[in-house]
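Enquirer: What follows is work-v5.cif, mmCIF, C-alpha atoms and all ligand atoms.
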data_data
#
loop_
_atom_site.group_PDB
_atom_site.id
_atom_site.type_symbol
_atom_site.label_atom_id
_atom_site.label_comp_id
_atom_site.auth_asym_id
_atom_site.auth_seq_id
_atom_site.Cartn_x
_atom_site.Cartn_y
_atom_site.Cartn_z
ATOM 1 C CA MET A 494 4.526 7.720 -25.471
ATOM 2 C CA VAL A 495 7.794 6.702 -27.127
ATOM 3 C CA PRO A 496 7.781 3.108 -28.489
ATOM 4 C CA GLY A 497 10.457 0.878 -26.951
ATOM 5 C CA GLN A 498 10.814 2.729 -23.636
ATOM 6 C CA LEU A 499 9.878 -0.373 -21.652
ATOM 7 C CA ILE A 500 11.847 -3.016 -23.576
ATOM 8 C CA ASP A 501 13.029 -5.731 -21.126
ATOM 9 C CA LYS A 502 10.578 -4.509 -18.470
ATOM 10 C CA HIS A 503 7.714 -6.625 -17.125
ATOM 11 C CA VAL A 504 4.404 -4.816 -16.597
ATOM 12 C CA MET A 505 1.582 -6.624 -14.794
ATOM 13 C CA ILE A 506 -1.952 -5.231 -15.009
ATOM 14 C CA THR A 507 -5.192 -6.377 -13.378
ATOM 15 C CA ALA A 508 -8.450 -5.627 -15.182
ATOM 16 C CA GLY A 509 -12.184 -6.189 -15.030
ATOM 17 C CA PRO A 510 -14.309 -7.187 -12.051
ATOM 18 C CA THR A 511 -13.946 -10.043 -9.620
ATOM 19 C CA TYR A 512 -16.966 -12.215 -8.871
ATOM 20 C CA GLU A 513 -17.633 -13.665 -5.438
ATOM 21 C CA PRO A 514 -19.952 -16.684 -5.552
ATOM 22 C CA ILE A 515 -22.966 -16.872 -3.247
ATOM 23 C CA ASP A 516 -24.237 -20.261 -4.445
ATOM 24 C CA PRO A 517 -23.717 -22.284 -7.671
ATOM 25 C CA VAL A 518 -25.739 -19.768 -9.747
ATOM 26 C CA ARG A 519 -25.339 -16.363 -8.082
ATOM 27 C CA PHE A 520 -22.467 -14.023 -7.342
ATOM 28 C CA ILE A 521 -21.576 -10.539 -6.099
ATOM 29 C CA GLY A 522 -19.983 -8.497 -8.892
ATOM 30 C CA ASN A 523 -19.692 -4.983 -10.291
ATOM 31 C CA ARG A 524 -20.015 -3.057 -13.564
ATOM 32 C CA SER A 525 -16.370 -3.137 -14.716
ATOM 33 C CA SER A 526 -16.033 -4.141 -18.392
ATOM 34 C CA GLY A 527 -12.232 -4.446 -18.406
ATOM 35 C CA LYS A 528 -11.906 -1.754 -21.123
ATOM 36 C CA MET A 529 -9.588 0.523 -19.131
ATOM 37 C CA GLY A 530 -7.280 -2.308 -18.041
ATOM 38 C CA PHE A 531 -7.130 -3.881 -21.506
ATOM 39 C CA ALA A 532 -6.326 -0.453 -23.037
ATOM 40 C CA LEU A 533 -3.482 -0.133 -20.511
ATOM 41 C CA ALA A 534 -2.193 -3.584 -21.447
ATOM 42 C CA GLN A 535 -2.131 -2.541 -25.101
ATOM 43 C CA ALA A 536 -0.386 0.766 -24.298
ATOM 44 C CA ALA A 537 2.232 -1.022 -22.163
ATOM 45 C CA ARG A 538 2.827 -3.509 -24.998
ATOM 46 C CA GLU A 539 3.209 -0.620 -27.483
ATOM 47 C CA SER A 540 5.957 0.729 -25.252
ATOM 48 C CA GLY A 541 7.858 -2.553 -25.623
ATOM 49 C CA ALA A 542 7.116 -4.197 -22.256
ATOM 50 C CA ASN A 543 6.429 -7.851 -21.567
ATOM 51 C CA VAL A 544 2.850 -7.577 -20.367
ATOM 52 C CA THR A 545 0.899 -9.919 -18.090
ATOM 53 C CA LEU A 546 -2.811 -9.106 -17.963
ATOM 54 C CA ILE A 547 -4.760 -10.718 -15.154
ATOM 55 C CA SER A 548 -8.408 -10.392 -15.996
ATOM 56 C CA GLY A 549 -11.673 -11.004 -14.230
ATOM 57 C CA PRO A 550 -14.703 -12.150 -16.259
ATOM 58 C CA VAL A 551 -14.985 -9.836 -19.319
ATOM 59 C CA SER A 552 -15.838 -10.189 -23.012
ATOM 60 C CA LEU A 553 -12.840 -8.504 -24.608
ATOM 61 C CA THR A 554 -10.164 -9.614 -27.056
ATOM 62 C CA THR A 555 -6.642 -9.904 -25.673
ATOM 63 C CA PRO A 556 -4.304 -7.221 -27.105
ATOM 64 C CA THR A 557 -1.687 -8.719 -29.451
ATOM 65 C CA GLY A 558 1.471 -9.898 -27.704
ATOM 66 C CA VAL A 559 -0.034 -9.728 -24.204
ATOM 67 C CA LYS A 560 -0.021 -12.749 -21.860
ATOM 68 C CA ARG A 561 -3.508 -13.068 -20.377
ATOM 69 C CA ILE A 562 -4.508 -15.020 -17.282
ATOM 70 C CA ASP A 563 -8.246 -15.359 -16.624
ATOM 71 C CA VAL A 564 -9.570 -15.479 -13.079
ATOM 72 C CA GLU A 565 -12.952 -15.130 -11.419
ATOM 73 C CA THR A 566 -12.606 -14.498 -7.685
ATOM 74 C CA THR A 567 -10.465 -12.046 -5.717
ATOM 75 C CA GLU A 568 -8.543 -14.951 -4.194
ATOM 76 C CA GLN A 569 -7.725 -16.325 -7.681
ATOM 77 C CA MET A 570 -6.638 -12.842 -8.818
ATOM 78 C CA ALA A 571 -4.434 -12.431 -5.724
ATOM 79 C CA ASN A 572 -2.802 -15.833 -6.343
ATOM 80 C CA ALA A 573 -2.203 -15.083 -10.042
ATOM 81 C CA VAL A 574 -0.612 -11.717 -9.161
ATOM 82 C CA ASP A 575 1.582 -13.307 -6.521
ATOM 83 C CA ALA A 576 2.784 -16.009 -8.940
ATOM 84 C CA SER A 577 4.150 -13.390 -11.394
ATOM 85 C CA LEU A 578 5.330 -10.769 -8.902
ATOM 86 C CA GLU A 579 8.989 -11.673 -8.620
ATOM 87 C CA SER A 580 9.819 -10.575 -12.172
ATOM 88 C CA CYS A 581 7.477 -7.560 -12.213
ATOM 89 C CA ASP A 582 8.844 -4.009 -12.642
ATOM 90 C CA ILE A 583 5.565 -2.078 -12.842
ATOM 91 C CA PHE A 584 2.255 -3.240 -11.344
ATOM 92 C CA ILE A 585 -0.995 -1.494 -12.315
ATOM 93 C CA SER A 586 -4.087 -2.369 -10.291
ATOM 94 C CA CYS A 587 -6.965 -1.388 -12.574
ATOM 95 C CA ALA A 588 -9.311 -4.228 -11.605
ATOM 96 C CA ALA A 589 -12.507 -3.419 -9.754
ATOM 97 C CA VAL A 590 -11.824 -5.969 -7.071
ATOM 98 C CA ALA A 591 -14.765 -7.011 -4.871
ATOM 99 C CA ASP A 592 -14.248 -5.602 -1.385
ATOM 100 C CA TYR A 593 -16.433 -8.258 0.264
ATOM 101 C CA ARG A 594 -17.330 -11.885 -0.303
ATOM 102 C CA PRO A 595 -19.970 -14.114 1.238
ATOM 103 C CA LYS A 596 -18.640 -15.722 4.416
ATOM 104 C CA LEU A 597 -20.239 -19.023 3.402
ATOM 105 C CA PHE A 598 -20.639 -20.498 -0.072
ATOM 106 C CA GLU A 599 -23.939 -22.366 -0.286
ATOM 107 C CA GLN A 600 -23.373 -25.712 -2.065
ATOM 108 C CA GLU A 601 -26.945 -25.795 -3.417
ATOM 109 C CA LYS A 602 -28.997 -23.004 -5.000
ATOM 110 C CA ILE A 603 -30.615 -20.905 -2.248
ATOM 111 C CA LYS A 604 -34.380 -21.380 -2.422
ATOM 112 C CA LYS A 605 -36.560 -18.309 -2.533
ATOM 113 C CA THR A 606 -38.837 -17.793 0.428
ATOM 114 C CA GLU A 607 -41.755 -15.425 -0.198
ATOM 115 C CA LYS A 608 -41.790 -13.571 3.114
ATOM 116 C CA GLN A 609 -38.370 -13.844 4.720
ATOM 117 C CA PRO A 610 -35.636 -11.339 3.765
ATOM 118 C CA LEU A 611 -32.432 -13.144 2.787
ATOM 119 C CA GLN A 612 -29.384 -12.300 4.889
ATOM 120 C CA ILE A 613 -25.919 -12.950 3.488
ATOM 121 C CA GLU A 614 -22.996 -12.349 5.809
ATOM 122 C CA LEU A 615 -20.056 -10.732 4.014
ATOM 123 C CA GLN A 616 -16.404 -10.645 4.965
ATOM 124 C CA PRO A 617 -13.646 -8.425 3.539
ATOM 125 C CA THR A 618 -11.524 -9.820 0.702
ATOM 126 C CA LYS A 619 -7.754 -9.573 0.576
ATOM 127 C CA ASP A 620 -6.524 -6.162 -0.634
ATOM 128 C CA ILE A 621 -4.424 -7.251 -3.614
ATOM 129 C CA VAL A 622 -2.573 -4.008 -4.304
ATOM 130 C CA SER A 623 -1.692 -3.539 -0.610
ATOM 131 C CA ALA A 624 -0.315 -7.103 -0.568
ATOM 132 C CA VAL A 625 1.827 -6.155 -3.583
ATOM 133 C CA THR A 626 3.247 -2.987 -2.007
ATOM 134 C CA THR A 627 4.120 -4.786 1.241
ATOM 135 C CA SER A 628 5.571 -7.878 -0.448
ATOM 136 C CA HIS A 629 9.296 -8.652 -0.294
ATOM 137 C CA ASN A 630 8.927 -8.865 -4.091
ATOM 138 C CA ARG A 631 7.498 -5.329 -4.337
ATOM 139 C CA PRO A 632 7.807 -4.094 -7.942
ATOM 140 C CA SER A 633 9.713 -0.833 -8.181
ATOM 141 C CA PHE A 634 6.600 1.076 -9.340
ATOM 142 C CA VAL A 635 3.034 0.356 -8.210
ATOM 143 C CA VAL A 636 0.003 2.207 -9.585
ATOM 144 C CA GLY A 637 -3.473 1.964 -8.096
ATOM 145 C CA PHE A 638 -6.815 3.303 -9.261
ATOM 146 C CA ALA A 639 -9.484 5.011 -7.179
ATOM 147 C CA ALA A 640 -13.115 4.703 -8.246
ATOM 148 C CA GLU A 641 -15.174 7.279 -6.394
ATOM 149 C CA THR A 642 -18.665 8.758 -6.346
ATOM 150 C CA GLN A 643 -17.672 11.659 -4.057
ATOM 151 C CA ASN A 644 -14.555 13.521 -2.783
ATOM 152 C CA LEU A 645 -12.454 12.189 -5.691
ATOM 153 C CA VAL A 646 -9.104 13.816 -4.910
ATOM 154 C CA GLU A 647 -9.323 13.530 -1.114
ATOM 155 C CA TYR A 648 -10.204 9.808 -1.173
ATOM 156 C CA ALA A 649 -7.617 9.072 -3.870
ATOM 157 C CA GLN A 650 -4.893 10.841 -1.873
ATOM 158 C CA SER A 651 -5.744 8.792 1.181
ATOM 159 C CA LYS A 652 -5.632 5.525 -0.861
ATOM 160 C CA LEU A 653 -2.249 6.556 -2.317
ATOM 161 C CA GLU A 654 -0.863 6.812 1.223
ATOM 162 C CA ARG A 655 -2.729 3.931 2.902
ATOM 163 C CA LYS A 656 -1.920 1.440 0.136
ATOM 164 C CA LYS A 657 1.708 2.686 -0.140
ATOM 165 C CA LEU A 658 1.392 3.351 -3.897
ATOM 166 C CA ASP A 659 3.770 5.280 -6.153
ATOM 167 C CA MET A 660 0.868 6.734 -8.150
ATOM 168 C CA ILE A 661 -2.931 6.671 -8.169
ATOM 169 C CA ALA A 662 -5.313 7.310 -11.073
ATOM 170 C CA ALA A 663 -8.660 8.536 -9.785
ATOM 171 C CA ASN A 664 -11.894 8.444 -11.749
ATOM 172 C CA TRP A 665 -15.522 9.263 -11.110
ATOM 173 C CA VAL A 666 -17.767 6.228 -11.366
ATOM 174 C CA GLY A 667 -21.515 5.877 -11.507
ATOM 175 C CA GLN A 668 -24.287 4.806 -13.827
ATOM 176 C CA LYS A 669 -22.836 6.509 -16.906
ATOM 177 C CA GLN A 670 -19.183 7.199 -16.179
ATOM 178 C CA GLY A 671 -16.028 5.235 -15.478
ATOM 179 C CA PHE A 672 -17.455 1.732 -15.711
ATOM 180 C CA ALA A 673 -18.219 0.099 -19.086
ATOM 181 C CA VAL A 674 -18.228 3.309 -21.210
ATOM 182 C CA ASP A 675 -15.638 3.979 -23.947
ATOM 183 C CA ASP A 676 -14.408 7.366 -22.669
ATOM 184 C CA ASN A 677 -12.923 8.281 -19.304
ATOM 185 C CA ALA A 678 -11.040 11.054 -17.498
ATOM 186 C CA LEU A 679 -8.422 10.617 -14.771
ATOM 187 C CA HIS A 680 -6.926 12.715 -12.007
ATOM 188 C CA VAL A 681 -3.457 11.261 -11.479
ATOM 189 C CA ILE A 682 -1.572 11.857 -8.214
ATOM 190 C CA TRP A 683 1.962 10.839 -7.176
ATOM 191 C CA ASN A 684 4.100 11.790 -4.178
ATOM 192 C CA ASP A 685 5.187 15.215 -5.481
ATOM 193 C CA GLY A 686 2.822 16.025 -8.309
ATOM 194 C CA GLU A 687 -0.552 15.615 -9.958
ATOM 195 C CA GLN A 688 -2.109 15.950 -13.394
ATOM 196 C CA THR A 689 -5.595 15.831 -14.857
ATOM 197 C CA LEU A 690 -6.090 13.795 -18.032
ATOM 198 C CA PRO A 691 -9.352 15.073 -19.580
ATOM 199 C CA LEU A 692 -12.206 12.999 -21.031
ATOM 200 C CA MET A 693 -11.038 10.981 -24.048
ATOM 201 C CA PRO A 694 -11.309 7.409 -25.415
ATOM 202 C CA LYS A 695 -9.877 4.863 -22.946
ATOM 203 C CA THR A 696 -7.401 3.674 -25.616
ATOM 204 C CA GLN A 697 -5.892 7.171 -25.819
ATOM 205 C CA LEU A 698 -6.179 7.806 -22.073
ATOM 206 C CA ALA A 699 -4.246 4.594 -21.413
ATOM 207 C CA ARG A 700 -1.366 5.853 -23.612
ATOM 208 C CA GLU A 701 -1.311 9.187 -21.763
ATOM 209 C CA LEU A 702 -1.313 7.419 -18.386
ATOM 210 C CA MET A 703 1.480 5.051 -19.533
ATOM 211 C CA THR A 704 3.536 8.113 -20.550
ATOM 212 C CA LEU A 705 3.207 9.486 -17.000
ATOM 213 C CA ILE A 706 3.962 6.087 -15.444
ATOM 214 C CA ILE A 707 7.086 5.588 -17.576
ATOM 215 C CA LYS A 708 8.348 9.090 -16.684
ATOM 216 C CA ARG A 709 7.838 8.573 -12.936
ATOM 217 C CA PHE A 710 9.185 4.989 -13.077
ATOM 218 C CA TYR A 711 12.479 6.138 -14.593
ATOM 219 C CA ALA A 712 12.623 9.216 -12.307
ATOM 220 C CA LYS A 713 12.296 6.925 -9.267
ATOM 221 C CA ASN A 714 14.811 4.402 -10.527
ATOM 222 C CA SER A 715 17.508 6.879 -11.570
ATOM 223 C CA ILE A 716 18.031 8.022 -7.952
HETATM 224 O O1 LIG A 801 -13.318 -1.766 -16.589
HETATM 225 P P1 LIG A 801 -13.957 -0.503 -17.105
HETATM 226 O O2 LIG A 801 -15.418 -0.687 -17.399
HETATM 227 O O3 LIG A 801 -13.199 0.090 -18.265
HETATM 228 O O4 LIG A 801 -13.925 0.587 -15.929
HETATM 229 C C1 LIG A 801 -12.687 1.076 -15.479
HETATM 230 C C2 LIG A 801 -12.679 1.230 -13.945
HETATM 231 C C3 LIG A 801 -13.694 2.282 -13.545
HETATM 232 C C4 LIG A 801 -13.015 -0.105 -13.276
HETATM 233 C C5 LIG A 801 -11.212 1.645 -13.559
HETATM 234 O O5 LIG A 801 -10.880 2.849 -14.176
HETATM 235 C C6 LIG A 801 -11.052 1.749 -12.051
HETATM 236 O O6 LIG A 801 -11.385 2.738 -11.419
HETATM 237 N N1 LIG A 801 -10.524 0.656 -11.430
HETATM 238 C C7 LIG A 801 -10.383 0.526 -9.946
HETATM 239 C C8 LIG A 801 -11.713 0.153 -9.341
HETATM 240 C C9 LIG A 801 -11.627 0.002 -7.832
HETATM 241 O O7 LIG A 801 -11.799 -1.104 -7.336
HETATM 242 O O8 LIG A 801 -11.317 1.090 -7.159
HETATM 243 P P2 LIG A 801 -11.263 1.212 -5.534
HETATM 244 O O9 LIG A 801 -11.171 2.660 -5.274
HETATM 245 O O10 LIG A 801 -12.392 0.441 -4.918
HETATM 246 O O11 LIG A 801 -9.922 0.466 -5.138
HETATM 247 C C10 LIG A 801 -8.678 1.153 -4.946
HETATM 248 C C11 LIG A 801 -7.520 0.324 -5.462
HETATM 249 O O12 LIG A 801 -7.378 -0.872 -4.678
HETATM 250 C C12 LIG A 801 -7.667 -0.145 -6.915
HETATM 251 O O13 LIG A 801 -6.402 -0.060 -7.523
HETATM 252 C C13 LIG A 801 -8.120 -1.599 -6.771
HETATM 253 O O14 LIG A 801 -7.698 -2.388 -7.893
HETATM 254 C C14 LIG A 801 -7.391 -2.025 -5.497
HETATM 255 N N2 LIG A 801 -8.068 -3.091 -4.710
HETATM 256 C C15 LIG A 801 -9.288 -2.891 -4.156
HETATM 257 C C16 LIG A 801 -9.868 -3.881 -3.362
HETATM 258 C C17 LIG A 801 -9.167 -5.102 -3.160
HETATM 259 N N3 LIG A 801 -9.685 -6.089 -2.434
HETATM 260 N N4 LIG A 801 -7.961 -5.280 -3.727
HETATM 261 C C18 LIG A 801 -7.394 -4.299 -4.497
HETATM 262 O O15 LIG A 801 -6.285 -4.482 -5.011
#
Could you spell out this file's structure in structure tokens?
Expert:
Amino acid sequence: MVPGQLIDKHVMITAGPTYEPIDPVRFIGNRSSGKMGFALAQAARESGANVTLISGPVSLTTPTGVKRIDVETTEQMANAVDASLESCDIFISCAAVADYRPKLFEQEKIKKTEKQPLQIELQPTKDIVSAVTTSHNRPSFVVGFAAETQNLVEYAQSKLERKKLDMIAANWVGQKQGFAVDDNALHVIWNDGEQTLPLMPKTQLARELMTLIIKRFYAKNSI
């Protein structure tokens, strides 16, 4: 990565999980720690960009020089993204956004009943990255992630097309990979190419991914 390549460019990155409240004390969430997204924010900053980092609930320090906006729910994340979209050149959707949320929020703590199973009706959340790619303020380069437990490349390819992305970074996730750990590997796919970035610390992996993004961003915008 060459320092200064993204001077005067605005990079927006989402990171961490979103939480969907069930009642005042419980929520639906996932294992994302925010490490991958925060490493990307640092790498984008190192390349000279103005960086907006929209983060779900995580316990990480904000990289120096990065503007951070904290959110909790998918709806809050979608609104925060939308508010900064107009000036955005590159959008990277690294957050592990909840796909479903409870249809009803219970105002009081749900009481435990010994014998009855608890049923919670879920409804799909808004797909934030798809809203970005179909917006009239679409940034010129949009990168998504794919977190998969099977058929990594096939599912990632289909998300690249369905979500109208310029690039997708696919990673295996499970109990001991992808989420929360310090190292990760990515299979990166764009419309006419692909590259595997092998297992390495997320800080280094983020720099390698930013190098690919910057190359493709300028290739797209020089046409
Ligand atoms: O945070 P860490 O612990 O470091 O872990 C990193 C990571 C595993 C979370 C990260 O590398 C990663 O894979 N992030 C994407 C997780 C995910 O939600 O993947 P997905 O395949 O379910 O979603 C596909 C894409 O759609 C993603 O870019 C996601 O941000 C986006 N999405 C999904 C649902 C939704 N409602 N809105 C979205 O924008």
Enquirer: Pick the closest to ligand LIG 801 (chain A) from A:Met570, A:Val559, A:Val504, A:Cys587: which is it, counting only C-alpha atoms and all ligand atoms?
Expert: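 Looking at the shortest contact to ligand LIG 801 (chain A), the residue is A:Cys587.
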Enquirer: Can you tell me which residues sit at most 8 Å away from ligand LIG 801 (chain A), counting only C-alpha atoms and all ligand atoms, written as JSON, numbers by chain?
Expert: {"A": [507, 508, 509, 510, 524, 525, 526, 527, 528, 529, 530, 531, 567, 585, 586, 587, 588, 589, 590, 591, 592, 593, 617, 618, 619, 620, 621, 622, 623, 624, 636, 637, 638, 639, 640, 641, 649, 652, 656, 661, 662, 663, 664, 665, 666, 670, 671, 672, 673, 674, 675, 677, 695]}
Enquirer: Apply the PyMOL selection byres (((chain A and resi 578) around 10) and not hetatm) to the structure shown and report the selected residues as a VMD selection string.
Expert: chain A and resid 503 to 505 572 to 577 579 to 584 625 628 to 632
Enquirer: Please dump the current selection as a short mmCIF file (atom, residue, chain, number, x, y, z; two decimals), keeping the file's coordinate frame; keep C-alpha atoms.
Expert:
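File again36.cif, as written:
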data_model
loop_
_atom_site.label_atom_id
_atom_site.label_comp_id
_atom_site.auth_asym_id
_atom_site.auth_seq_id
_atom_site.Cartn_x
_atom_site.Cartn_y
_atom_site.Cartn_z
CA HIS A 503 7.71 -6.62 -17.12
CA VAL A 504 4.40 -4.82 -16.60
CA MET A 505 1.58 -6.62 -14.79
CA ASN A 572 -2.80 -15.83 -6.34
CA ALA A 573 -2.20 -15.08 -10.04
CA VAL A 574 -0.61 -11.72 -9.16
CA ASP A 575 1.58 -13.31 -6.52
CA ALA A 576 2.78 -16.01 -8.94
CA SER A 577 4.15 -13.39 -11.39
CA GLU A 579 8.99 -11.67 -8.62
CA SER A 580 9.82 -10.58 -12.17
CA CYS A 581 7.48 -7.56 -12.21
CA ASP A 582 8.84 -4.01 -12.64
CA ILE A 583 5.56 -2.08 -12.84
CA PHE A 584 2.26 -3.24 -11.34
CA VAL A 625 1.83 -6.16 -3.58
CA SER A 628 5.57 -7.88 -0.45
CA HIS A 629 9.30 -8.65 -0.29
CA ASN A 630 8.93 -8.86 -4.09
CA ARG A 631 7.50 -5.33 -4.34
CA PRO A 632 7.81 -4.09 -7.94
#
Enquirer: Counting all atoms listed in the file, which of A:Ser633, A:Ala699, A:Thr689, A:His680 gets nearest to Asn714 of chain A?
Expert: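 Closest to Asn714 of chain A, using all atoms listed in the file: A:Ser633.
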Enquirer: I'd like to know which of A:Gly558, A:Glu654, A:Lys669, A:Thr606 is closest to Thr626 of chain A, using all atoms listed in the file.
Expert: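 Closest to Thr626 of chain A, using all atoms listed in the file: A:Glu654.
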Enquirer: Given the file above and the PyMOL selection byres (((chain A and resi 545) around 6) and not hetatm), which residues are selected, and can you give them as a ChimeraX atom specification?
Expert: /A:505,544,546,560-561
Enquirer: Interatomic distance between atom CA of Ser548 of chain A and atom CA of Val564 of chain A?
Expert: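 According to the coordinates, atom CA of Ser548 of chain A and atom CA of Val564 of chain A are separated by 6.0 Å.
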Enquirer: Using all atoms listed in the file, determine which residues lie at most 12 Å from Lys596 of chain A, disregarding the query and same-chain residues fewer than 4 positions distant; provide the list as a ChimeraX atom specification.
Expert: /A:513-516,612-618
Enquirer: Could you tell me, as a ChimeraX atom specification, exactly which residues end up selected when the PyMOL selection byres (((chain A and resi 707) around 10) and not hetatm) is applied to this structure?
Expert: /A:494-495,498-499,537,540,583,634,702-706,708-713
Enquirer: Restricting the calculation to only C-alpha atoms, which member of A:Gly667, A:Lys608, A:Thr555, A:Tyr512 is positioned closest to Gln569 of chain A?
Expert: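 Under the stated criterion, the closest residue is A:Tyr512.
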Enquirer: Go through A:Ile506, A:Leu698, A:Val635, A:Ile603 one by one, measure the shortest atom-to-atom distance of each to Lys657 of chain A using all atoms listed in the file, and give the residue with the smallest value.
Expert: A:Val635
Enquirer: Please, what distance in Å, to one decimal, runs between atom CA of Ala534 of chain A and atom CA of Thr557 of chain A?
Expert: 9.5 Å
Enquirer: Hey, which of A:Glu607, A:Thr566, A:Glu539, A:Phe598 ends up closest to Val518 of chain A? Count all atoms listed in the file.
Expert: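 Ranking A:Glu607, A:Thr566, A:Glu539, A:Phe598 by distance to Val518 of chain A, first place goes to A:Phe598.
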Enquirer: Please, what distance in Å, to one decimal, runs between atom CA of Gly549 of chain A and atom CA of Arg594 of chain A?
Expert: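 A separation of 15.1 Å between them.
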